[in-house]
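Heads up, upload05.cif below (mmCIF, C-alpha atoms and all ligand atoms):
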data_final
#
loop_
_atom_site.group_PDB
_atom_site.id
_atom_site.type_symbol
_atom_site.label_atom_id
_atom_site.label_comp_id
_atom_site.auth_asym_id
_atom_site.auth_seq_id
_atom_site.Cartn_x
_atom_site.Cartn_y
_atom_site.Cartn_z
ATOM 1 C CA MET A 1 55.468 -10.515 -50.056
ATOM 2 C CA MET A 2 52.382 -12.753 -50.232
ATOM 3 C CA GLY A 3 50.322 -13.425 -47.089
ATOM 4 C CA LYS A 4 51.295 -17.113 -47.121
ATOM 5 C CA THR A 5 55.018 -16.330 -47.194
ATOM 6 C CA HIS A 6 54.631 -13.709 -44.462
ATOM 7 C CA ALA A 7 52.809 -16.192 -42.196
ATOM 8 C CA LEU A 8 55.335 -18.946 -42.898
ATOM 9 C CA SER A 9 58.270 -16.619 -42.222
ATOM 10 C CA GLY A 10 56.568 -15.577 -38.952
ATOM 11 C CA ALA A 11 56.223 -19.217 -37.857
ATOM 12 C CA MET A 12 59.870 -19.764 -38.820
ATOM 13 C CA ALA A 13 60.997 -16.678 -36.857
ATOM 14 C CA PHE A 14 59.165 -17.887 -33.739
ATOM 15 C CA GLY A 15 60.771 -21.327 -34.103
ATOM 16 C CA LEU A 16 64.241 -19.763 -34.383
ATOM 17 C CA VAL A 17 63.738 -17.432 -31.386
ATOM 18 C CA ALA A 18 62.248 -20.272 -29.330
ATOM 19 C CA VAL A 19 65.420 -22.415 -29.738
ATOM 20 C CA PRO A 20 67.284 -20.360 -27.072
ATOM 21 C CA ALA A 21 64.165 -18.799 -25.429
ATOM 22 C CA ALA A 22 62.097 -21.959 -24.752
ATOM 23 C CA PRO A 23 64.527 -23.544 -22.235
ATOM 24 C CA LEU A 24 65.315 -20.158 -20.645
ATOM 25 C CA ALA A 25 61.654 -19.153 -20.190
ATOM 26 C CA HIS A 26 60.507 -22.769 -19.528
ATOM 27 C CA LEU A 27 57.982 -22.604 -22.353
ATOM 28 C CA HIS A 28 55.433 -25.419 -22.364
ATOM 29 C CA PRO A 29 54.547 -27.109 -25.710
ATOM 30 C CA ARG A 30 51.072 -25.469 -25.657
ATOM 31 C CA GLU A 31 52.752 -22.041 -25.365
ATOM 32 C CA LEU A 32 54.998 -22.974 -28.283
ATOM 33 C CA VAL A 33 51.914 -23.812 -30.390
ATOM 34 C CA LEU A 34 50.116 -20.597 -29.368
ATOM 35 C CA GLY A 35 53.271 -18.543 -29.983
ATOM 36 C CA THR A 36 53.766 -20.104 -33.435
ATOM 37 C CA VAL A 37 50.162 -19.433 -34.509
ATOM 38 C CA VAL A 38 50.072 -15.863 -33.145
ATOM 39 C CA THR A 39 53.461 -14.974 -34.682
ATOM 40 C CA ALA A 40 52.330 -16.372 -38.051
ATOM 41 C CA GLY A 41 49.105 -14.337 -37.813
ATOM 42 C CA ALA A 42 50.861 -11.185 -36.598
ATOM 43 C CA ALA A 43 53.224 -11.558 -39.551
ATOM 44 C CA VAL A 44 50.319 -10.560 -41.824
ATOM 45 C CA LEU A 45 48.936 -7.906 -39.451
ATOM 46 C CA PRO A 46 50.716 -4.824 -40.945
ATOM 47 C CA ASP A 47 48.764 -5.424 -44.193
ATOM 48 C CA ILE A 48 45.599 -4.375 -42.297
ATOM 49 C CA ASP A 49 46.354 -0.995 -43.953
ATOM 50 C CA HIS A 50 44.858 -2.283 -47.230
ATOM 51 C CA PRO A 51 41.162 -3.349 -47.555
ATOM 52 C CA GLY A 52 42.086 -5.886 -50.261
ATOM 53 C CA SER A 53 44.618 -7.858 -48.197
ATOM 54 C CA GLY A 54 43.788 -11.314 -46.806
ATOM 55 C CA VAL A 55 43.817 -10.200 -43.157
ATOM 56 C CA SER A 56 41.479 -7.287 -43.993
ATOM 57 C CA ARG A 57 38.956 -9.659 -45.595
ATOM 58 C CA THR A 58 38.950 -12.052 -42.614
ATOM 59 C CA PHE A 59 35.607 -10.927 -41.164
ATOM 60 C CA GLY A 60 34.088 -9.378 -44.283
ATOM 61 C CA PRO A 61 32.831 -5.778 -44.096
ATOM 62 C CA LEU A 62 33.771 -5.493 -40.399
ATOM 63 C CA THR A 63 37.515 -5.919 -40.970
ATOM 64 C CA ARG A 64 37.428 -4.155 -44.371
ATOM 65 C CA VAL A 65 35.997 -0.980 -42.784
ATOM 66 C CA PHE A 66 38.580 -1.260 -39.984
ATOM 67 C CA ALA A 67 41.319 -1.691 -42.625
ATOM 68 C CA ARG A 68 40.144 1.479 -44.414
ATOM 69 C CA LEU A 69 40.382 3.384 -41.135
ATOM 70 C CA VAL A 70 43.868 1.975 -40.372
ATOM 71 C CA GLY A 71 44.989 2.767 -43.931
ATOM 72 C CA TRP A 72 43.743 6.308 -43.554
ATOM 73 C CA ILE A 73 45.459 6.831 -40.199
ATOM 74 C CA SER A 74 48.735 5.272 -41.368
ATOM 75 C CA GLY A 75 48.896 7.066 -44.739
ATOM 76 C CA GLY A 76 47.943 4.119 -46.993
ATOM 77 C CA HIS A 77 49.440 0.744 -47.901
ATOM 78 C CA ARG A 78 53.099 0.077 -46.988
ATOM 79 C CA ASN A 79 53.353 3.295 -45.039
ATOM 80 C CA GLY A 80 52.834 3.769 -41.276
ATOM 81 C CA THR A 81 52.091 0.124 -40.390
ATOM 82 C CA HIS A 82 55.321 -0.888 -42.193
ATOM 83 C CA SER A 83 57.524 1.468 -40.153
ATOM 84 C CA LEU A 84 59.332 1.232 -36.824
ATOM 85 C CA LEU A 85 56.829 3.721 -35.363
ATOM 86 C CA GLY A 86 53.999 1.449 -36.544
ATOM 87 C CA ALA A 87 55.714 -1.547 -34.883
ATOM 88 C CA ALA A 88 56.023 0.574 -31.704
ATOM 89 C CA VAL A 89 52.246 1.252 -31.731
ATOM 90 C CA PHE A 90 51.342 -2.441 -32.288
ATOM 91 C CA ASN A 91 53.805 -3.323 -29.501
ATOM 92 C CA LEU A 92 52.438 -0.801 -27.002
ATOM 93 C CA ALA A 93 48.832 -1.897 -27.655
ATOM 94 C CA VAL A 94 49.566 -5.572 -27.017
ATOM 95 C CA PHE A 95 51.914 -5.054 -24.038
ATOM 96 C CA GLY A 96 49.413 -2.583 -22.512
ATOM 97 C CA ALA A 97 46.617 -5.158 -22.911
ATOM 98 C CA THR A 98 48.859 -7.834 -21.333
ATOM 99 C CA ALA A 99 49.575 -5.509 -18.370
ATOM 100 C CA LEU A 100 45.822 -5.249 -17.759
ATOM 101 C CA TYR A 101 45.314 -8.983 -18.329
ATOM 102 C CA ALA A 102 48.180 -10.000 -16.014
ATOM 103 C CA GLN A 103 47.413 -7.105 -13.639
ATOM 104 C CA SER A 104 51.066 -6.110 -13.504
ATOM 105 C CA LEU A 105 52.517 -2.710 -14.371
ATOM 106 C CA LEU A 106 55.809 -4.406 -15.307
ATOM 107 C CA TRP A 107 54.341 -5.393 -18.676
ATOM 108 C CA LEU A 108 53.392 -1.803 -19.434
ATOM 109 C CA VAL A 109 56.837 -0.508 -18.391
ATOM 110 C CA GLY A 110 58.614 -3.196 -20.452
ATOM 111 C CA GLY A 111 56.355 -2.615 -23.468
ATOM 112 C CA LEU A 112 56.789 1.155 -23.219
ATOM 113 C CA ALA A 113 60.589 0.779 -23.097
ATOM 114 C CA LEU A 114 60.536 -1.481 -26.177
ATOM 115 C CA SER A 115 58.240 0.915 -28.054
ATOM 116 C CA ILE A 116 60.447 3.911 -27.206
ATOM 117 C CA LEU A 117 63.472 1.970 -28.511
ATOM 118 C CA LEU A 118 61.660 1.137 -31.773
ATOM 119 C CA ALA A 119 60.437 4.716 -32.308
ATOM 120 C CA ALA A 120 63.883 6.121 -31.430
ATOM 121 C CA ALA A 121 65.493 3.749 -33.954
ATOM 122 C CA GLY A 122 63.117 5.166 -36.600
ATOM 123 C CA LEU A 123 64.077 8.737 -35.674
ATOM 124 C CA LEU A 124 67.799 7.872 -35.748
ATOM 125 C CA ILE A 125 67.478 6.334 -39.216
ATOM 126 C CA ALA A 126 65.729 9.500 -40.450
ATOM 127 C CA ALA A 127 68.354 11.734 -38.807
ATOM 128 C CA ALA A 128 71.221 9.745 -40.367
ATOM 129 C CA GLU A 129 69.835 10.276 -43.868
ATOM 130 C CA PRO A 130 71.995 12.429 -46.145
ATOM 131 C CA PRO A 131 70.322 15.737 -47.118
ATOM 132 C CA GLY A 132 68.333 15.570 -50.333
ATOM 133 C CA ARG A 133 67.306 11.960 -49.851
ATOM 134 C CA GLY A 134 64.101 10.844 -48.217
ATOM 135 C CA LYS A 135 61.983 11.160 -51.312
ATOM 136 C CA GLY A 136 59.159 8.711 -51.774
ATOM 137 C CA LYS A 137 55.403 8.649 -51.585
ATOM 138 C CA PRO A 138 54.089 11.204 -49.072
ATOM 139 C CA ALA A 139 53.565 10.220 -45.425
ATOM 140 C CA TYR A 140 49.921 11.249 -46.010
ATOM 141 C CA LYS A 141 48.139 11.904 -49.304
ATOM 142 C CA ARG A 142 47.046 15.278 -47.901
ATOM 143 C CA ARG A 143 48.617 17.113 -45.031
ATOM 144 C CA TRP A 144 45.362 17.433 -43.096
ATOM 145 C CA HIS A 145 45.004 13.614 -43.098
ATOM 146 C CA GLY A 146 47.970 13.551 -40.719
ATOM 147 C CA VAL A 147 46.355 16.094 -38.392
ATOM 148 C CA VAL A 148 43.017 14.221 -38.349
ATOM 149 C CA SER A 149 44.911 10.933 -37.798
ATOM 150 C CA ILE A 150 46.549 12.383 -34.680
ATOM 151 C CA TRP A 151 43.084 13.340 -33.390
ATOM 152 C CA ILE A 152 41.636 9.886 -34.146
ATOM 153 C CA GLY A 153 44.689 8.223 -32.546
ATOM 154 C CA SER A 154 44.393 10.409 -29.439
ATOM 155 C CA ALA A 155 40.642 9.729 -29.153
ATOM 156 C CA THR A 156 41.246 5.946 -29.440
ATOM 157 C CA VAL A 157 44.009 6.029 -26.803
ATOM 158 C CA SER A 158 41.812 8.145 -24.480
ATOM 159 C CA ALA A 159 38.825 5.788 -24.902
ATOM 160 C CA LEU A 160 41.056 2.774 -24.159
ATOM 161 C CA ALA A 161 42.588 4.554 -21.147
ATOM 162 C CA VAL A 162 39.122 5.336 -19.699
ATOM 163 C CA ALA A 163 38.013 1.730 -20.326
ATOM 164 C CA ALA A 164 41.249 0.484 -18.696
ATOM 165 C CA LEU A 165 40.590 2.619 -15.609
ATOM 166 C CA LEU A 166 36.943 1.548 -15.284
ATOM 167 C CA PHE A 167 37.273 -2.118 -16.320
ATOM 168 C CA PRO A 168 40.981 -2.964 -16.293
ATOM 169 C CA ARG A 169 40.879 -6.732 -16.724
ATOM 170 C CA HIS A 170 37.950 -6.740 -19.169
ATOM 171 C CA THR A 171 39.711 -4.161 -21.376
ATOM 172 C CA GLY A 172 42.946 -6.187 -21.371
ATOM 173 C CA VAL A 173 41.126 -9.434 -22.113
ATOM 174 C CA GLY A 174 39.041 -7.696 -24.819
ATOM 175 C CA VAL A 175 42.069 -6.294 -26.695
ATOM 176 C CA LEU A 176 44.024 -9.571 -26.363
ATOM 177 C CA ALA A 177 40.983 -11.597 -27.486
ATOM 178 C CA ALA A 178 40.460 -9.340 -30.533
ATOM 179 C CA LEU A 179 44.139 -9.754 -31.464
ATOM 180 C CA LEU A 180 44.016 -13.527 -30.935
ATOM 181 C CA ILE A 181 40.867 -13.886 -33.064
ATOM 182 C CA LEU A 182 42.295 -11.721 -35.842
ATOM 183 C CA THR A 183 45.709 -13.417 -35.937
ATOM 184 C CA MET A 184 44.281 -16.948 -35.726
ATOM 185 C CA ALA A 185 41.656 -16.149 -38.389
ATOM 186 C CA ALA A 186 44.391 -14.761 -40.644
ATOM 187 C CA VAL A 187 46.303 -18.049 -40.337
ATOM 188 C CA ALA A 188 43.162 -20.182 -40.762
ATOM 189 C CA ARG A 189 42.298 -18.217 -43.909
ATOM 190 C CA LEU A 190 45.668 -19.098 -45.408
ATOM 191 C CA VAL A 191 45.335 -22.798 -44.687
ATOM 192 C CA LYS A 192 41.727 -23.033 -45.801
ATOM 193 C CA THR A 193 40.312 -26.516 -45.498
ATOM 194 C CA ARG A 194 37.290 -27.097 -47.654
ATOM 195 C CA ARG A 195 37.206 -30.774 -46.719
ATOM 196 C CA LEU A 196 37.871 -32.424 -43.382
ATOM 197 C CA PHE A 197 37.962 -36.251 -43.212
ATOM 198 C CA GLY A 198 36.127 -36.292 -46.539
ATOM 199 C CA VAL A 199 33.311 -34.010 -45.297
ATOM 200 C CA ARG A 200 32.683 -30.902 -47.379
ATOM 201 C CA LEU A 201 32.704 -27.774 -45.207
ATOM 202 C CA LYS A 202 31.314 -24.330 -45.736
ATOM 203 C CA HIS A 203 34.352 -22.173 -46.230
ATOM 204 C CA GLU A 204 33.350 -19.660 -43.564
ATOM 205 C CA TRP A 205 34.014 -22.148 -40.781
ATOM 206 C CA ASP A 206 37.727 -21.475 -40.698
ATOM 207 C CA ASP A 207 37.130 -17.722 -40.343
ATOM 208 C CA ALA A 208 34.740 -18.222 -37.410
ATOM 209 C CA LEU A 209 36.662 -21.047 -35.694
ATOM 210 C CA PRO A 210 39.114 -18.721 -33.868
ATOM 211 C CA ILE A 211 36.192 -17.208 -31.900
ATOM 212 C CA PRO A 212 35.287 -20.400 -29.948
ATOM 213 C CA VAL A 213 39.014 -21.281 -29.731
ATOM 214 C CA THR A 214 39.766 -17.878 -28.134
ATOM 215 C CA VAL A 215 36.751 -18.168 -25.791
ATOM 216 C CA ALA A 216 37.975 -21.648 -24.774
ATOM 217 C CA LEU A 217 41.542 -20.381 -24.213
ATOM 218 C CA LEU A 218 40.239 -17.587 -21.963
ATOM 219 C CA ALA A 219 37.731 -19.836 -20.158
ATOM 220 C CA LEU A 220 40.417 -22.451 -19.469
ATOM 221 C CA GLY A 221 42.715 -19.748 -18.094
ATOM 222 C CA ALA A 222 45.432 -20.319 -20.700
ATOM 223 C CA ASP A 223 48.651 -18.389 -20.105
ATOM 224 C CA LEU A 224 48.613 -15.631 -22.746
ATOM 225 C CA ARG A 225 51.891 -13.934 -21.740
ATOM 226 C CA ILE A 226 53.537 -15.286 -24.896
ATOM 227 C CA VAL A 227 51.138 -13.187 -27.058
ATOM 228 C CA PRO A 228 52.895 -9.749 -26.841
ATOM 229 C CA PHE A 229 56.282 -11.227 -27.778
ATOM 230 C CA ALA A 230 54.685 -13.175 -30.634
ATOM 231 C CA VAL A 231 52.888 -10.070 -31.968
ATOM 232 C CA LEU A 232 56.071 -7.944 -31.878
ATOM 233 C CA LEU A 233 58.112 -10.696 -33.563
ATOM 234 C CA GLY A 234 55.423 -11.226 -36.218
ATOM 235 C CA VAL A 235 55.135 -7.518 -37.066
ATOM 236 C CA LEU A 236 58.924 -7.111 -37.332
ATOM 237 C CA THR A 237 59.161 -10.251 -39.494
ATOM 238 C CA HIS A 238 56.522 -8.791 -41.829
ATOM 239 C CA ILE A 239 58.448 -5.524 -42.199
ATOM 240 C CA ALA A 240 61.702 -7.447 -42.831
ATOM 241 C CA GLY A 241 59.890 -9.588 -45.424
ATOM 242 C CA ASP A 242 58.550 -6.571 -47.314
ATOM 243 C CA MET A 243 62.015 -4.968 -47.193
ATOM 244 C CA ILE A 244 63.478 -7.799 -49.275
ATOM 245 C CA THR A 245 60.746 -7.418 -51.921
ATOM 246 C CA LEU A 246 60.614 -4.594 -54.475
ATOM 247 C CA GLY A 247 59.106 -1.479 -52.941
ATOM 248 C CA GLY A 248 60.748 -1.835 -49.515
ATOM 249 C CA CYS A 249 59.389 -0.225 -46.342
ATOM 250 C CA PRO A 250 59.469 3.370 -45.056
ATOM 251 C CA LEU A 251 61.180 2.375 -41.790
ATOM 252 C CA ALA A 252 61.526 5.972 -40.580
ATOM 253 C CA TRP A 253 57.914 7.030 -41.407
ATOM 254 C CA PRO A 254 56.717 9.784 -41.041
ATOM 255 C CA ARG A 255 60.075 11.620 -40.701
ATOM 256 C CA SER A 256 61.537 10.057 -43.852
ATOM 257 C CA GLN A 257 59.760 8.410 -46.743
ATOM 258 C CA THR A 258 62.789 6.587 -48.160
ATOM 259 C CA MET A 259 61.718 3.016 -48.937
ATOM 260 C CA ARG A 260 64.372 0.854 -47.340
ATOM 261 C CA GLY A 261 65.637 -2.685 -47.701
ATOM 262 C CA PRO A 262 67.656 -4.687 -50.227
ATOM 263 C CA GLN A 263 64.488 -5.091 -52.400
ATOM 264 C CA LEU A 264 65.736 -8.256 -54.120
ATOM 265 C CA PHE A 265 62.662 -9.595 -55.912
ATOM 266 C CA ARG A 266 59.030 -8.757 -56.611
ATOM 267 C CA THR A 267 56.082 -10.071 -54.584
ATOM 268 C CA ASN A 268 54.858 -13.533 -55.709
ATOM 269 C CA SER A 269 57.901 -13.990 -57.965
ATOM 270 C CA PRO A 270 59.290 -17.527 -58.553
ATOM 271 C CA ILE A 271 62.040 -16.710 -56.013
ATOM 272 C CA GLU A 272 59.402 -16.125 -53.322
ATOM 273 C CA THR A 273 57.212 -19.116 -54.193
ATOM 274 C CA GLY A 274 60.271 -21.366 -54.755
ATOM 275 C CA PRO A 275 63.496 -21.127 -52.735
ATOM 276 C CA ILE A 276 62.267 -18.614 -50.115
ATOM 277 C CA THR A 277 59.184 -20.723 -49.283
ATOM 278 C CA LEU A 278 61.240 -23.935 -49.197
ATOM 279 C CA VAL A 279 63.892 -22.446 -46.880
ATOM 280 C CA CYS A 280 61.195 -21.071 -44.522
ATOM 281 C CA LEU A 281 59.427 -24.469 -44.478
ATOM 282 C CA ALA A 282 62.650 -26.387 -43.837
ATOM 283 C CA VAL A 283 63.843 -24.057 -41.037
ATOM 284 C CA PHE A 284 60.360 -24.077 -39.471
ATOM 285 C CA ALA A 285 60.203 -27.897 -39.572
ATOM 286 C CA VAL A 286 63.682 -28.311 -38.014
ATOM 287 C CA THR A 287 63.065 -25.728 -35.250
ATOM 288 C CA ALA A 288 59.613 -27.228 -34.515
ATOM 289 C CA CYS A 289 61.213 -30.681 -34.105
ATOM 290 C CA TRP A 290 64.025 -29.224 -31.978
ATOM 291 C CA ASN A 291 61.737 -27.153 -29.732
ATOM 292 C CA THR A 292 59.362 -30.033 -29.089
ATOM 293 C CA GLY A 293 62.241 -32.380 -28.282
ATOM 294 C CA ILE A 294 61.667 -34.673 -31.288
ATOM 295 C CA LEU A 295 65.223 -34.183 -32.562
ATOM 296 C CA THR A 296 66.666 -34.921 -29.107
ATOM 297 C CA ALA A 297 64.511 -38.045 -28.818
ATOM 298 C CA LEU A 298 65.689 -39.241 -32.246
ATOM 299 C CA GLY A 299 69.327 -38.679 -31.290
ATOM 300 C CA ALA A 300 68.945 -40.499 -27.957
HETATM 301 ZN ZN ZN B 1 53.122 -5.617 -46.137
#

Spell out the structure here as structure tokens.
Ligand SMILES: [Zn+2]
Amino acid sequence: MMGKTHALSGAMAFGLVAVPAAPLAHLHPRELVLGTVVTAGAAVLPDIDHPGSGVSRTFGPLTRVFARLVGWISGGHRNGTHSLLGAAVFNLAVFGATALYAQSLLWLVGGLALSILLAAAGLLIAAAEPPGRGKGKPAYKRRWHGVVSIWIGSATVSALAVAALLFPRHTGVGVLAALLILTMAAVARLVKTRRLFGVRLKHEWDDALPIPVTVALLALGADLRIVPFAVLLGVLTHIAGDMITLGGCPLAWPRSQTMRGPQLFRTNSPIETGPITLVCLAVFAVTACWNTGILTALGA
């Protein structure tokens, strides 16, 4: 699926989830806006496993080098980051950061429980596979890549754990800020504006804009507790989106490499750019009107 469709489907998914969740969790309109943007951005995040993807080119060489590292650790494009285990890792990182930010262990416990559920679902899918299936591209191009990836992953987790012990709030804010900047920049990149009110703009502005926006959000003490839910929803929406395009996703990576999903059409096909985009836009527009009370006001 193309980056634009992923982002749009993420915004749509947040709108749909917010219909029952917004009144229950008393979500304020500003949280709805933040949740929509972060979900749309997180819906392109799994493609950070490929240096050529839009999200990997967001901050030039910086994000491209990071994308190469992620691709290496996750076994290449449409591999680890497109699996339930990958979703569990994204989820644990963002819930862990929120626990430090909100200074409450409950977030870590909740995030850990969700991640265990996701990883267990991946294992169950692999276990339920009939013998002889499970053939696909390898989990890693070479076996030793997997071993080195475990070492790199362990070193990263240890470094974050030490930082969290020494500077708990700063570490939480740092990880959340990095995620916010990356997801917002990914969205801004997709809706590039070369002109604003007739003024020609350098095209880098939309990549850099999320930095002052994030600084302002943090300085103003914005409530960021919507971010972990938005990131999880965005990542899962991305995986679901790639499952309906040819190629599918290795949900049970690295235990099984079977590419799963109905795989109905190819990426950037007329079905994706036509009916799929239109349906996503229409559902997003209706849910946005409903969640902000516009539909209720019109009916009153
Ligand atoms: Zn993808």

* **Explicit residue set for the PyMOL selection byres (((not hetatm)) within 6 of (chain B and resi 1)), as a PyMOL selection string** => chain A and resi 46-47+78+242

Would you compute an axis-aligned box for region 277-283 of chain A, covering every atom listed for it in the file with 8 Å of margin on each side, and report centre and edge lengths in Å to one decimal as JSON?
{"center_x": 61.5, "center_y": -23.6, "center_z": -45.2, "size_x": 20.7, "size_y": 21.7, "size_z": 24.2}

* Structure fact -> From CA of Thr237 (chain A) to CA of Leu69 (chain A) the spacing works out at 23.3 Å

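Pairwise distance (CA of Ile150 (chain A), CA of Ala88 (chain A)) equals 15.4 Å.
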
* For Leu218 (chain A), please output as a list of chain:residue names all residues within 9 Å (counting only C-alpha atoms; exclusion window: fewer than 6 positions along the same chain). => A:Val173, A:Ala177, A:Leu224

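The gap separating CA of Ile276 (chain A) from CA of Phe229 (chain A) is 24.3 Å, in Å to one decimal.
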
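Those residues returned by the PyMOL selection byres (((chain A and resi 13) around 8) and not hetatm) for this file are Ser9, Gly10, Ala11, Met12, Phe14, Gly15, Leu16, Val17, Leu233, Gly234, Thr237 and Phe284 of chain A.
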
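Each of A:Gly110, A:Gly96, A:Gly71, A:Gly174 was compared to His145 (chain A) using only C-alpha atoms, and A:Gly71 turns out to be the nearest.
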
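Closest approach to Ala159 (chain A) among A:Leu24, A:Gly41, A:Thr171, A:Trp144: A:Thr171, based on all atoms listed in the file.
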